[in-house]
$ cat upload_1.tsv   # TSV, C-alpha atoms and all ligand atoms
chain	number	residue	atom	x	y	z
A	1	MET	CA	25.47	-22.65	-5.34
A	2	LYS	CA	24.15	-19.14	-5.62
A	3	HIS	CA	21.18	-19.01	-7.94
A	4	PRO	CA	21.09	-15.91	-10.16
A	5	PHE	CA	17.50	-15.10	-9.14
A	6	ASN	CA	18.64	-14.74	-5.53
A	7	ASP	CA	20.10	-11.42	-6.63
A	8	CYS	CA	16.60	-10.00	-7.10
A	9	GLY	CA	14.36	-8.66	-4.38
A	10	VAL	CA	14.66	-5.78	-1.96
A	11	ILE	CA	17.20	-7.40	0.35
A	12	ALA	CA	19.55	-8.07	-2.55
A	13	ARG	CA	19.06	-4.57	-3.98
A	14	TYR	CA	19.37	-2.65	-0.69
A	15	ARG	CA	21.34	-5.05	1.51
A	16	GLU	CA	23.69	-2.38	2.86
A	17	PHE	CA	20.76	-0.36	4.21
A	18	LEU	CA	18.99	-3.26	5.90
A	19	PRO	CA	19.67	-5.13	9.16
A	20	VAL	CA	20.79	-8.40	7.54
A	21	THR	CA	24.05	-10.32	7.88
A	22	ASP	CA	25.65	-13.35	6.22
A	23	ALA	CA	23.75	-15.40	8.80
A	24	THR	CA	20.37	-14.20	7.45
A	25	PRO	CA	18.79	-16.67	5.05
A	26	VAL	CA	17.19	-14.47	2.39
A	27	ILE	CA	13.60	-15.52	1.75
A	28	SER	CA	12.56	-13.62	-1.36
A	29	LEU	CA	10.08	-13.77	-4.21
A	30	SER	CA	11.88	-11.03	-6.18
A	31	GLU	CA	9.67	-8.33	-4.68
A	32	GLY	CA	10.22	-4.60	-5.16
A	33	SER	CA	11.60	-2.69	-8.17
A	34	THR	CA	8.01	-1.83	-9.05
A	35	PRO	CA	7.27	0.64	-11.84
A	36	LEU	CA	6.97	4.36	-11.23
A	37	ILE	CA	4.48	5.29	-13.91
A	38	HIS	CA	4.16	8.86	-15.14
A	39	SER	CA	0.53	10.01	-15.27
A	40	PRO	CA	0.00	12.65	-17.95
A	41	LYS	CA	-3.63	13.21	-16.96
A	42	LEU	CA	-3.03	13.66	-13.25
A	43	SER	CA	-0.11	15.92	-14.14
A	44	ALA	CA	-2.39	18.09	-16.26
A	45	ILE	CA	-4.87	18.43	-13.39
A	46	THR	CA	-2.27	19.49	-10.84
A	47	GLY	CA	0.22	21.37	-12.98
A	48	GLY	CA	2.84	19.15	-11.40
A	49	GLU	CA	4.56	16.01	-12.60
A	50	VAL	CA	2.60	13.13	-11.12
A	51	TYR	CA	3.87	9.55	-10.88
A	52	VAL	CA	2.13	6.42	-9.67
A	53	LYS	CA	4.21	3.85	-7.78
A	54	TYR	CA	2.41	0.65	-8.71
A	55	GLU	CA	2.92	-1.63	-5.73
A	56	GLY	CA	0.22	-4.00	-6.90
A	57	LEU	CA	2.88	-5.51	-9.13
A	58	ASN	CA	4.68	-7.16	-6.22
A	59	PRO	CA	4.58	-10.98	-6.13
A	60	THR	CA	1.50	-11.28	-3.92
A	61	GLY	CA	-0.09	-8.14	-5.35
A	62	SER	CA	0.68	-5.56	-2.67
A	63	PHE	CA	3.47	-3.53	-1.05
A	64	LYS	CA	3.44	-5.90	1.93
A	65	ASP	CA	5.97	-8.15	0.17
A	66	ARG	CA	8.75	-5.61	0.78
A	67	GLY	CA	8.34	-5.86	4.53
A	68	MET	CA	7.56	-9.53	4.53
A	69	THR	CA	10.81	-10.58	2.86
A	70	MET	CA	12.58	-8.92	5.80
A	71	ALA	CA	10.27	-10.21	8.53
A	72	ILE	CA	10.33	-13.81	7.30
A	73	SER	CA	14.07	-13.81	6.58
A	74	LYS	CA	14.76	-12.60	10.14
A	75	ALA	CA	12.25	-15.10	11.57
A	76	ALA	CA	14.10	-17.85	9.69
A	77	GLU	CA	17.41	-16.59	11.04
A	78	GLU	CA	15.97	-16.74	14.56
A	79	GLY	CA	14.72	-20.31	13.99
A	80	ALA	CA	10.98	-19.56	14.09
A	81	HIS	CA	8.60	-22.36	13.13
A	82	THR	CA	5.30	-20.49	13.01
A	83	VAL	CA	4.52	-16.92	12.05
A	84	LEU	CA	1.37	-15.08	13.08
A	85	CYS	CA	-0.34	-11.92	11.91
A	86	ALA	CA	-3.59	-10.00	12.02
A	87	SER	CA	-4.65	-8.62	8.70
A	88	THR	CA	-7.20	-6.91	6.53
A	89	GLY	CA	-6.00	-9.31	3.83
A	90	ASN	CA	-2.76	-8.18	2.22
A	91	THR	CA	-0.38	-8.77	5.11
A	92	SER	CA	-1.86	-12.26	5.49
A	93	ALA	CA	-1.38	-13.00	1.79
A	94	ALA	CA	2.26	-11.91	1.96
A	95	ALA	CA	2.93	-13.69	5.26
A	96	ALA	CA	1.42	-16.90	3.93
A	97	ALA	CA	3.43	-16.79	0.69
A	98	TYR	CA	6.80	-16.00	2.28
A	99	ALA	CA	6.22	-18.51	5.10
A	100	ALA	CA	5.45	-21.16	2.48
A	101	ARG	CA	8.70	-20.39	0.76
A	102	ALA	CA	10.60	-20.54	4.04
A	103	GLY	CA	8.98	-23.85	5.03
A	104	MET	CA	7.29	-22.27	8.06
A	105	LYS	CA	3.75	-22.51	9.31
A	106	CYS	CA	1.62	-19.39	9.11
A	107	ALA	CA	-1.49	-18.48	11.08
A	108	VAL	CA	-3.57	-15.46	10.12
A	109	LEU	CA	-6.32	-13.71	12.11
A	110	LEU	CA	-8.80	-11.95	9.84
A	111	PRO	CA	-11.94	-9.91	10.59
A	112	ALA	CA	-14.76	-12.33	9.74
A	113	GLY	CA	-16.67	-11.43	6.59
A	114	ARG	CA	-14.61	-8.31	5.84
A	115	ILE	CA	-11.77	-9.65	3.71
A	116	ALA	CA	-11.73	-9.11	-0.06
A	117	GLY	CA	-12.24	-12.34	-2.01
A	118	GLY	CA	-8.85	-12.46	-3.73
A	119	LYS	CA	-6.99	-11.95	-0.45
A	120	MET	CA	-8.95	-14.72	1.27
A	121	VAL	CA	-8.11	-17.13	-1.53
A	122	GLN	CA	-4.44	-16.18	-1.25
A	123	ALA	CA	-4.25	-17.03	2.45
A	124	TYR	CA	-5.67	-20.51	1.79
A	125	ILE	CA	-3.79	-21.30	-1.40
A	126	TYR	CA	-0.42	-20.41	0.17
A	127	GLY	CA	-1.32	-22.82	2.97
A	128	ALA	CA	-1.98	-20.58	5.98
A	129	SER	CA	-4.20	-21.55	8.91
A	130	VAL	CA	-7.01	-19.04	8.63
A	131	ILE	CA	-8.95	-17.90	11.70
A	132	ALA	CA	-11.89	-15.51	11.21
A	133	ILE	CA	-12.29	-13.27	14.25
A	134	ARG	CA	-15.70	-11.97	15.28
A	135	GLY	CA	-14.38	-8.46	15.44
A	136	ASN	CA	-12.40	-6.03	13.34
A	137	PHE	CA	-8.69	-5.68	12.50
A	138	ASP	CA	-8.00	-3.85	15.75
A	139	ASP	CA	-9.39	-6.81	17.72
A	140	ALA	CA	-7.28	-9.20	15.66
A	141	LEU	CA	-4.12	-7.18	16.28
A	142	ARG	CA	-4.85	-7.07	20.03
A	143	LEU	CA	-5.03	-10.88	19.98
A	144	VAL	CA	-1.80	-11.14	18.01
A	145	ARG	CA	-0.01	-9.03	20.62
A	146	GLU	CA	-1.42	-11.25	23.38
A	147	LEU	CA	-0.54	-14.51	21.62
A	148	GLY	CA	2.91	-13.17	20.78
A	149	GLU	CA	3.75	-12.95	24.46
A	150	THR	CA	3.82	-16.75	24.72
A	151	GLY	CA	6.86	-16.92	22.44
A	152	ASP	CA	5.18	-19.62	20.32
A	153	PHE	CA	4.83	-17.38	17.31
A	154	ALA	CA	6.96	-14.92	15.40
A	155	ILE	CA	4.77	-11.84	14.85
A	156	VAL	CA	4.98	-10.45	11.33
A	157	ASN	CA	2.68	-7.44	11.61
A	158	SER	CA	4.33	-4.06	11.19
A	159	ILE	CA	4.80	-3.88	14.98
A	160	ASN	CA	7.76	-6.06	13.94
A	161	PRO	CA	10.37	-3.41	13.06
A	162	TYR	CA	11.83	-5.55	10.26
A	163	ARG	CA	8.63	-4.96	8.32
A	164	ILE	CA	9.23	-1.21	8.37
A	165	GLU	CA	12.84	-1.75	7.32
A	166	GLY	CA	11.77	-3.70	4.23
A	167	GLN	CA	9.02	-1.26	3.30
A	168	LYS	CA	11.32	1.78	3.42
A	169	THR	CA	12.98	0.46	0.22
A	170	ALA	CA	10.09	1.85	-1.81
A	171	ALA	CA	11.28	5.36	-0.94
A	172	PHE	CA	14.82	4.41	-2.01
A	173	GLU	CA	13.52	3.24	-5.39
A	174	ILE	CA	11.59	6.46	-5.97
A	175	ILE	CA	14.65	8.59	-5.15
A	176	GLU	CA	16.83	6.54	-7.48
A	177	GLU	CA	14.33	6.77	-10.29
A	178	LEU	CA	13.60	10.49	-9.99
A	179	GLY	CA	17.18	11.40	-9.03
A	180	ASN	CA	15.76	13.09	-5.92
A	181	ALA	CA	12.84	12.79	-3.53
A	182	PRO	CA	9.54	14.10	-4.89
A	183	ASP	CA	8.02	17.32	-3.53
A	184	ILE	CA	4.87	15.59	-2.30
A	185	HIS	CA	4.20	11.95	-1.53
A	186	ILE	CA	0.61	10.73	-1.14
A	187	LEU	CA	-0.35	7.30	0.19
A	188	PRO	CA	-3.23	5.53	1.92
A	189	VAL	CA	-2.95	5.06	5.67
A	190	GLY	CA	-4.46	2.24	7.70
A	191	ASN	CA	-2.28	0.69	10.39
A	192	ALA	CA	0.24	3.42	9.50
A	193	GLY	CA	3.31	1.21	9.00
A	194	ASN	CA	3.80	2.25	5.41
A	195	ILE	CA	3.83	6.01	5.91
A	196	THR	CA	6.25	5.43	8.78
A	197	ALA	CA	8.44	3.30	6.53
A	198	TYR	CA	8.48	5.74	3.60
A	199	TRP	CA	9.41	8.62	5.87
A	200	LYS	CA	12.25	6.56	7.38
A	201	GLY	CA	13.48	5.68	3.89
A	202	TYR	CA	13.35	9.27	2.66
A	203	LYS	CA	15.19	10.54	5.73
A	204	GLU	CA	17.89	7.87	5.48
A	205	PHE	CA	18.69	8.63	1.84
A	206	LYS	CA	18.66	12.35	2.57
A	207	GLU	CA	21.16	11.86	5.40
A	208	LEU	CA	23.35	9.79	3.08
A	209	GLY	CA	23.27	12.55	0.47
A	210	ARG	CA	21.43	10.37	-2.03
A	211	SER	CA	18.53	12.79	-2.03
A	212	GLY	CA	18.72	16.56	-1.85
A	213	LYS	CA	15.37	17.06	-0.15
A	214	LEU	CA	12.48	15.47	1.68
A	215	PRO	CA	8.89	15.28	0.44
A	216	ARG	CA	5.81	16.55	2.24
A	217	MET	CA	3.86	13.45	3.29
A	218	LEU	CA	0.12	13.39	2.68
A	219	GLY	CA	-1.57	10.43	4.42
A	220	VAL	CA	-5.05	9.59	3.16
A	221	GLN	CA	-7.70	7.84	5.24
A	222	ALA	CA	-11.25	6.77	4.44
A	223	ALA	CA	-13.73	9.20	6.01
A	224	GLY	CA	-15.31	6.36	8.02
A	225	ALA	CA	-11.95	5.07	9.28
A	226	ALA	CA	-9.98	8.22	9.99
A	227	PRO	CA	-8.47	8.10	13.49
A	228	LEU	CA	-5.26	9.91	12.48
A	229	TYR	CA	-7.16	12.63	10.65
A	230	HIS	CA	-9.35	13.23	13.73
A	231	GLY	CA	-6.53	12.71	16.19
A	232	ALA	CA	-8.33	10.02	18.21
A	233	PRO	CA	-8.79	6.23	17.95
A	234	MET	CA	-12.12	5.00	16.53
A	235	ASP	CA	-14.09	2.01	17.80
A	236	ASN	CA	-16.14	1.12	14.73
A	237	PRO	CA	-14.21	2.05	11.59
A	238	GLU	CA	-16.19	1.51	8.41
A	239	THR	CA	-15.25	1.84	4.75
A	240	VAL	CA	-15.60	0.07	1.43
A	241	ALA	CA	-11.78	0.09	1.34
A	242	THR	CA	-11.50	-2.88	3.71
A	243	ALA	CA	-7.69	-2.82	3.59
A	244	ILE	CA	-7.68	0.41	5.62
A	245	ARG	CA	-10.70	-0.29	7.85
A	246	ILE	CA	-8.66	0.37	10.99
A	247	GLY	CA	-9.49	2.44	14.07
A	248	ARG	CA	-6.38	2.02	16.20
A	249	PRO	CA	-3.29	2.27	13.99
A	250	ALA	CA	-0.28	0.56	15.54
A	251	SER	CA	2.22	3.03	14.07
A	252	TRP	CA	0.33	6.08	15.34
A	253	ASP	CA	3.45	7.96	16.45
A	254	GLY	CA	5.37	7.17	13.27
A	255	ALA	CA	2.56	8.46	11.09
A	256	LYS	CA	2.13	11.63	13.14
A	257	ALA	CA	5.88	12.28	12.99
A	258	ALA	CA	5.99	11.73	9.22
A	259	VAL	CA	3.27	14.30	8.65
A	260	SER	CA	4.43	16.90	11.15
A	261	GLU	CA	8.16	16.66	10.38
A	262	SER	CA	7.52	16.84	6.63
A	263	GLY	CA	5.03	19.70	6.73
A	264	GLY	CA	2.33	17.45	5.30
A	265	CYS	CA	-1.13	16.48	6.50
A	266	PHE	CA	-3.76	13.80	6.79
A	267	GLU	CA	-6.70	13.98	4.42
A	268	ILE	CA	-9.98	12.06	4.26
A	269	VAL	CA	-11.98	10.86	1.29
A	270	GLU	CA	-15.51	9.46	1.13
A	271	ASP	CA	-16.15	5.92	-0.09
A	272	SER	CA	-17.93	7.32	-3.14
A	273	GLU	CA	-14.81	9.37	-3.98
A	274	ILE	CA	-12.63	6.27	-3.56
A	275	LEU	CA	-14.74	4.21	-5.97
A	276	ALA	CA	-14.89	7.04	-8.50
A	277	ALA	CA	-11.09	7.43	-8.32
A	278	GLN	CA	-10.61	3.67	-8.73
A	279	LYS	CA	-12.67	3.72	-11.92
A	280	TRP	CA	-10.99	6.91	-13.14
A	281	LEU	CA	-7.46	5.51	-12.71
A	282	ALA	CA	-8.31	2.27	-14.47
A	283	SER	CA	-10.18	3.83	-17.37
A	284	ASN	CA	-7.89	6.86	-17.85
A	285	GLU	CA	-4.41	5.53	-17.08
A	286	GLY	CA	-4.87	1.76	-17.38
A	287	ILE	CA	-3.94	1.16	-13.74
A	288	PHE	CA	-6.36	-1.06	-11.82
A	289	VAL	CA	-5.94	-0.83	-8.05
A	290	GLU	CA	-7.93	-2.00	-5.07
A	291	PRO	CA	-10.17	0.56	-3.30
A	292	ALA	CA	-7.69	1.53	-0.54
A	293	SER	CA	-5.09	2.25	-3.20
A	294	ALA	CA	-7.44	4.61	-5.02
A	295	ALA	CA	-7.64	6.82	-1.91
A	296	PRO	CA	-4.54	8.89	-2.87
A	297	VAL	CA	-6.03	9.55	-6.29
A	298	ALA	CA	-9.31	10.58	-4.67
A	299	ALA	CA	-7.35	12.92	-2.39
A	300	LEU	CA	-5.65	14.50	-5.37
A	301	PHE	CA	-9.04	15.17	-6.94
A	302	LYS	CA	-10.23	16.60	-3.64
A	303	CYS	CA	-7.22	18.92	-3.40
A	304	PHE	CA	-7.64	20.20	-6.96
A	305	ASN	CA	-10.72	21.05	-8.85
A	306	ARG	CA	-10.68	19.79	-12.43
A	307	SER	CA	-9.46	23.09	-13.80
A	308	GLY	CA	-6.23	22.67	-11.91
A	309	LYS	CA	-6.82	25.11	-9.04
A	310	PRO	CA	-6.03	23.99	-5.49
A	311	THR	CA	-9.19	23.79	-3.40
A	312	GLN	CA	-9.60	25.59	-0.10
A	313	CYS	CA	-8.08	23.10	2.30
A	314	ASP	CA	-6.13	24.73	5.14
A	315	CYS	CA	-3.48	22.10	5.64
A	316	CYS	CA	-3.00	21.03	2.06
A	317	PRO	CA	0.64	20.80	0.92
A	318	PHE	CA	-0.62	21.61	-2.56
A	319	ARG	CA	-1.20	25.19	-1.56
A	320	GLN	CA	2.54	25.62	-1.97
A	321	ILE	CA	2.89	23.52	-5.10
A	322	GLN	CA	5.00	25.06	-7.85
A	323	PRO	CA	4.40	24.29	-11.52
A	324	GLY	CA	6.37	21.16	-12.37
A	325	ALA	CA	6.59	19.98	-8.78
A	326	LYS	CA	6.99	16.23	-8.51
A	327	VAL	CA	4.20	14.29	-6.87
A	328	VAL	CA	4.28	10.54	-6.19
A	329	LEU	CA	1.18	8.52	-5.34
A	330	THR	CA	1.67	5.04	-3.95
A	331	VAL	CA	-1.03	2.68	-5.13
A	332	THR	CA	-0.58	-0.12	-2.66
A	333	GLY	CA	-2.50	-3.14	-3.95
A	334	HIS	CA	-3.72	-4.69	-7.20
A	335	GLY	CA	-7.32	-4.27	-8.30
A	336	LEU	CA	-7.79	-8.01	-8.79
A	337	LYS	CA	-7.48	-8.47	-5.03
A	338	ASP	CA	-11.05	-7.25	-4.65
A	339	PRO	CA	-13.08	-7.93	-7.78
A	340	ASP	CA	-16.40	-7.82	-5.91
A	341	THR	CA	-16.03	-4.18	-4.91
A	342	ALA	CA	-15.05	-3.30	-8.49
A	343	LYS	CA	-18.38	-4.63	-9.71
A	344	HIS	CA	-19.72	-1.07	-9.49
A	345	ALA	CA	-18.04	-0.62	-12.87
A	346	VAL	CA	-19.61	-3.69	-14.45
A	347	THR	CA	-22.79	-3.72	-16.52
A	348	ALA	CA	-24.40	-6.81	-18.04
A	349	PRO	CA	-22.63	-7.60	-21.34
A	350	ILE	CA	-24.67	-7.34	-24.51
A	351	GLU	CA	-25.10	-10.82	-25.92
A	352	THR	CA	-25.28	-11.15	-29.69
A	353	ASP	CA	-25.46	-13.72	-32.42
A	354	ALA	CA	-22.02	-14.84	-33.58
A	355	THR	CA	-21.93	-12.66	-36.69
A	356	ALA	CA	-19.83	-9.61	-37.50
A	357	GLN	CA	-22.98	-7.66	-38.34
A	358	ALA	CA	-24.52	-8.38	-34.92
A	359	VAL	CA	-21.30	-7.36	-33.17
A	360	ARG	CA	-21.17	-4.08	-35.14
A	361	GLU	CA	-24.73	-3.29	-34.15
A	362	ALA	CA	-24.05	-4.08	-30.51
A	363	LEU	CA	-20.93	-1.88	-30.48
A	364	ALA	CA	-22.88	0.97	-32.00
A	365	LYS	CA	-25.42	0.68	-29.18
A	366	ILE	CA	-22.68	0.88	-26.53
A	367	SER	CA	-21.03	3.94	-28.02
A	368	ASN	CA	-24.38	5.74	-28.36
A	401	LIG	N1	-3.24	-0.15	1.14
A	401	LIG	C1	-3.44	-1.47	1.18
A	401	LIG	C2	-3.82	-2.15	-0.08
A	401	LIG	C3	-3.29	-2.17	2.39
A	401	LIG	O1	-3.48	-3.49	2.42
A	401	LIG	C4	-2.95	-1.46	3.56
A	401	LIG	C5	-2.82	-2.14	4.84
A	401	LIG	C6	-2.75	-0.08	3.45
A	401	LIG	C7	-2.90	0.54	2.23
A	401	LIG	C8	-2.37	0.76	4.61
A	401	LIG	O2	-1.04	0.53	4.97
A	401	LIG	O3	-1.43	-0.26	7.27
A	401	LIG	O4	0.83	0.43	6.49
A	401	LIG	O5	-0.97	2.13	6.83
A	401	LIG	N2	-3.09	-3.35	5.01
A	401	LIG	C9	-2.85	-4.11	6.25
A	401	LIG	C10	-3.10	-5.58	6.03
A	401	LIG	C11	-3.49	-3.55	7.44
A	401	LIG	O6	-3.40	-6.29	7.00
A	401	LIG	O7	-2.98	-6.03	4.91
A	401	LIG	P1	-0.61	0.73	6.49

$ encode --input "upload_1.tsv" --output "structure tokens" --more "lines below"
Ligand code: F0G
Amino acid sequence: MKHPFNDCGVIARYREFLPVTDATPVISLSEGSTPLIHSPKLSAITGGEVYVKYEGLNPTGSFKDRGMTMAISKAAEEGAHTVLCASTGNTSAAAAAYAARAGMKCAVLLPAGRIAGGKMVQAYIYGASVIAIRGNFDDALRLVRELGETGDFAIVNSINPYRIEGQKTAAFEIIEELGNAPDIHILPVGNAGNITAYWKGYKEFKELGRSGKLPRMLGVQAAGAAPLYHGAPMDNPETVATAIRIGRPASWDGAKAAVSESGGCFEIVEDSEILAAQKWLASNEGIFVEPASAAPVAALFKCFNRSGKPTQCDCCPFRQIQPGAKVVLTVTGHGLKDPDTAKHAVTAPIETDATAQAVREALAKISN
């Protein structure tokens, strides 16, 4: 019997635009349909209409669930027993969860010591076999490619094209919600699957007449992990935003095409700007995201000074921004994924006696 909840999730919502058939068992956790939240404060800074696509509200806390429902459903269709991925933490969380639901084994290769605490816990609690590689994400992905050649594993990194197919649905949702594509779309870039997927989604809906235009794509990298910005792979990427600590993005060509075809650009932001933007978004708009996801907000601040004037960046799509232009920022993962990095915002709580008077006095001290 068909269960009503099977009608949720990105495959159910966008079935006709995805490579699935009646023979595809749909493995879903009701991912997608995430909120597009209007940001009055970011709008005031830019003079545009700024929205935040809050992908941290997916079932495992990041946008990876959109691609993983596709990758695991297709792996199930093909009779796979074990899935494998390299990850900076979010892909592994999603792979582990969807594999668990499909009754498959999942092995994840993670850069030792460089995975955010919440993501590490997810891999274990969903039952994955966790291998910590003495190396970075790029080393782990090289090993995944090598191990994939044996045919023993179904690879669920975004080198699996079904991942891109699933992730493009976020662009569909934005178009449906706004009634058109935005003028500018800003998102963090690491392995570059997501920017590739969004651009594919925007182009597909444009070709189908569901959108009247295409956005300019602005891909944001951490300054210490910015191979696409510099136009060359990096051997030792380094950033506090561990999710995007990547030097050899697999979807290099897709990301380049998205930016050049759309008239956009790559931008870089310093770790200090990322952490400041993370705190700003949480304390001004109530949206708590992990560091990588704050990179688009940091880029927006870099492109505009606080009085709303575009700064002097040669490539910036904002140089052409018209008042009221629509800007979408994808914030890719939930802040609770990486509580340790967010500790920069934490001060020791004031401890008081359990009386109303003591609490009033303590509050007065904080507000002073
Ligand atoms: N934001 C977050 C929170 C991510 O986890 C990632 C990638 C990105 C942005 C960048 O997306 O790779 O498609 O350009 N995380 C991967 C992972 C690498 O293993 O979880 P991308």

$ closest_residue --input "upload_1.tsv" --among "A:Thr239, A:Asn136, A:Asn90, A:Thr46" --to "ligand LIG 401 (chain A)" --atoms "all atoms listed in the file"
A:Asn90

$ residues_around --input "upload_1.tsv" --residues "Ala226 (chain A)" --least-positions-apart "6" --cutoff "8 Å" --atoms "only C-alpha atoms" --output "VMD selection string"
chain A and resid 234 237 247 268

$ residues_near_point --input "upload_1.tsv" --point "(-9.0, -15.2, 9.2)" --cutoff "7 Å" --atoms "all atoms listed in the file" --output "list in words"
Val108, Leu109, Leu110, Pro111, Ala112, Val130, Ile131, Ala132 and Ile133 of chain A

$ atom_distance --input "upload_1.tsv" --atom1 "CA of Lys326 (chain A)" --atom2 "CA of Tyr198 (chain A)"
16.1 Å

$ residues_near_ligand --input "upload_1.tsv" --ligand "ligand LIG 401 (chain A)" --cutoff "6 Å" --atoms "only C-alpha atoms and all ligand atoms" --output "PyMOL selection string"
chain A and resi 87-91+188-194+243-244+292-293+332-333

$ atom_distance --input "upload_1.tsv" --atom1 "CA of Ala99 (chain A)" --atom2 "CA of Val26 (chain A)"
12.0 Å

$ residues_around --input "upload_1.tsv" --residues "Pro233 (chain A)" --least-positions-apart "3" --cutoff "10 Å" --atoms "only C-alpha atoms" --output "count of residues only"
13

$ residues_around --input "upload_1.tsv" --residues "Glu351 (chain A)" --least-positions-apart "5" --cutoff "10 Å" --atoms "only C-alpha atoms" --output "list in words"
Ala358, Val359 and Ala362 of chain A

$ residues_near_point --input "upload_1.tsv" --point "(-0.3, -10.4, 19.1)" --cutoff "10 Å" --atoms "only C-alpha atoms" --output "list in words"
Leu84, Cys85, Ala86, Leu109, Asp139, Ala140, Leu141, Arg142, Leu143, Val144, Arg145, Glu146, Leu147, Gly148, Glu149, Thr150, Phe153, Ala154, Ile155, Val156, Asn157 and Ile159 of chain A

$ closest_residue --input "upload_1.tsv" --among "A:Lys105, A:His334, A:Lys64, A:Arg114" --to "Val289 (chain A)" --atoms "only C-alpha atoms"
A:His334

$ closest_residue --input "upload_1.tsv" --among "A:Ala170, A:Ala282, A:Ala181, A:Ala295" --to "Leu218 (chain A)" --atoms "all atoms listed in the file"
A:Ala295

$ closest_residue --input "upload_1.tsv" --among "A:Ser158, A:Ser283, A:Thr347, A:Thr330" --to "Ala250 (chain A)" --atoms "only C-alpha atoms"
A:Ser158

$ atom_distance --input "upload_1.tsv" --atom1 "CA of Lys206 (chain A)" --atom2 "CA of Tyr51 (chain A)"
20.2 Å

$ residues_around --input "upload_1.tsv" --residues "Ala93 (chain A)" --least-positions-apart "4" --cutoff "10 Å" --atoms "only C-alpha atoms" --output "PDB file with C-alpha atoms, keeping the file's coordinate frame"
ATOM      1  CA  THR A  60       1.500 -11.280  -3.920  1.00  0.00           C
ATOM      2  CA  GLY A  61      -0.090  -8.140  -5.350  1.00  0.00           C
ATOM      3  CA  SER A  62       0.680  -5.560  -2.670  1.00  0.00           C
ATOM      4  CA  LYS A  64       3.440  -5.900   1.930  1.00  0.00           C
ATOM      5  CA  ASP A  65       5.970  -8.150   0.170  1.00  0.00           C
ATOM      6  CA  MET A  68       7.560  -9.530   4.530  1.00  0.00           C
ATOM      7  CA  SER A  87      -4.650  -8.620   8.700  1.00  0.00           C
ATOM      8  CA  THR A  88      -7.200  -6.910   6.530  1.00  0.00           C
ATOM      9  CA  GLY A  89      -6.000  -9.310   3.830  1.00  0.00           C
ATOM     10  CA  ALA A  97       3.430 -16.790   0.690  1.00  0.00           C
ATOM     11  CA  TYR A  98       6.800 -16.000   2.280  1.00  0.00           C
ATOM     12  CA  ALA A  99       6.220 -18.510   5.100  1.00  0.00           C
ATOM     13  CA  VAL A 108      -3.570 -15.460  10.120  1.00  0.00           C
ATOM     14  CA  GLY A 118      -8.850 -12.460  -3.730  1.00  0.00           C
ATOM     15  CA  LYS A 119      -6.990 -11.950  -0.450  1.00  0.00           C
ATOM     16  CA  MET A 120      -8.950 -14.720   1.270  1.00  0.00           C
ATOM     17  CA  VAL A 121      -8.110 -17.130  -1.530  1.00  0.00           C
ATOM     18  CA  GLN A 122      -4.440 -16.180  -1.250  1.00  0.00           C
ATOM     19  CA  ALA A 123      -4.250 -17.030   2.450  1.00  0.00           C
ATOM     20  CA  TYR A 124      -5.670 -20.510   1.790  1.00  0.00           C
ATOM     21  CA  ILE A 125      -3.790 -21.300  -1.400  1.00  0.00           C
ATOM     22  CA  TYR A 126      -0.420 -20.410   0.170  1.00  0.00           C
ATOM     23  CA  GLY A 127      -1.320 -22.820   2.970  1.00  0.00           C
ATOM     24  CA  ALA A 128      -1.980 -20.580   5.980  1.00  0.00           C
TER      25      ALA A 128
END

$ closest_residue --input "upload_1.tsv" --among "A:Ile115, A:Ile27, A:Ala94, A:Ile45" --to "Ala75 (chain A)" --atoms "only C-alpha atoms"
A:Ile27

$ closest_residue --input "upload_1.tsv" --among "A:Ser43, A:Asn160, A:Thr69, A:Gln167" --to "Gly9 (chain A)" --atoms "all atoms listed in the file"
A:Thr69

$ residues_around --input "upload_1.tsv" --residues "Pro19 (chain A)" --least-positions-apart "2" --cutoff "10 Å" --atoms "only C-alpha atoms" --output "ChimeraX atom specification"
/A:11,15-17,21,24,70,74,162,165-166
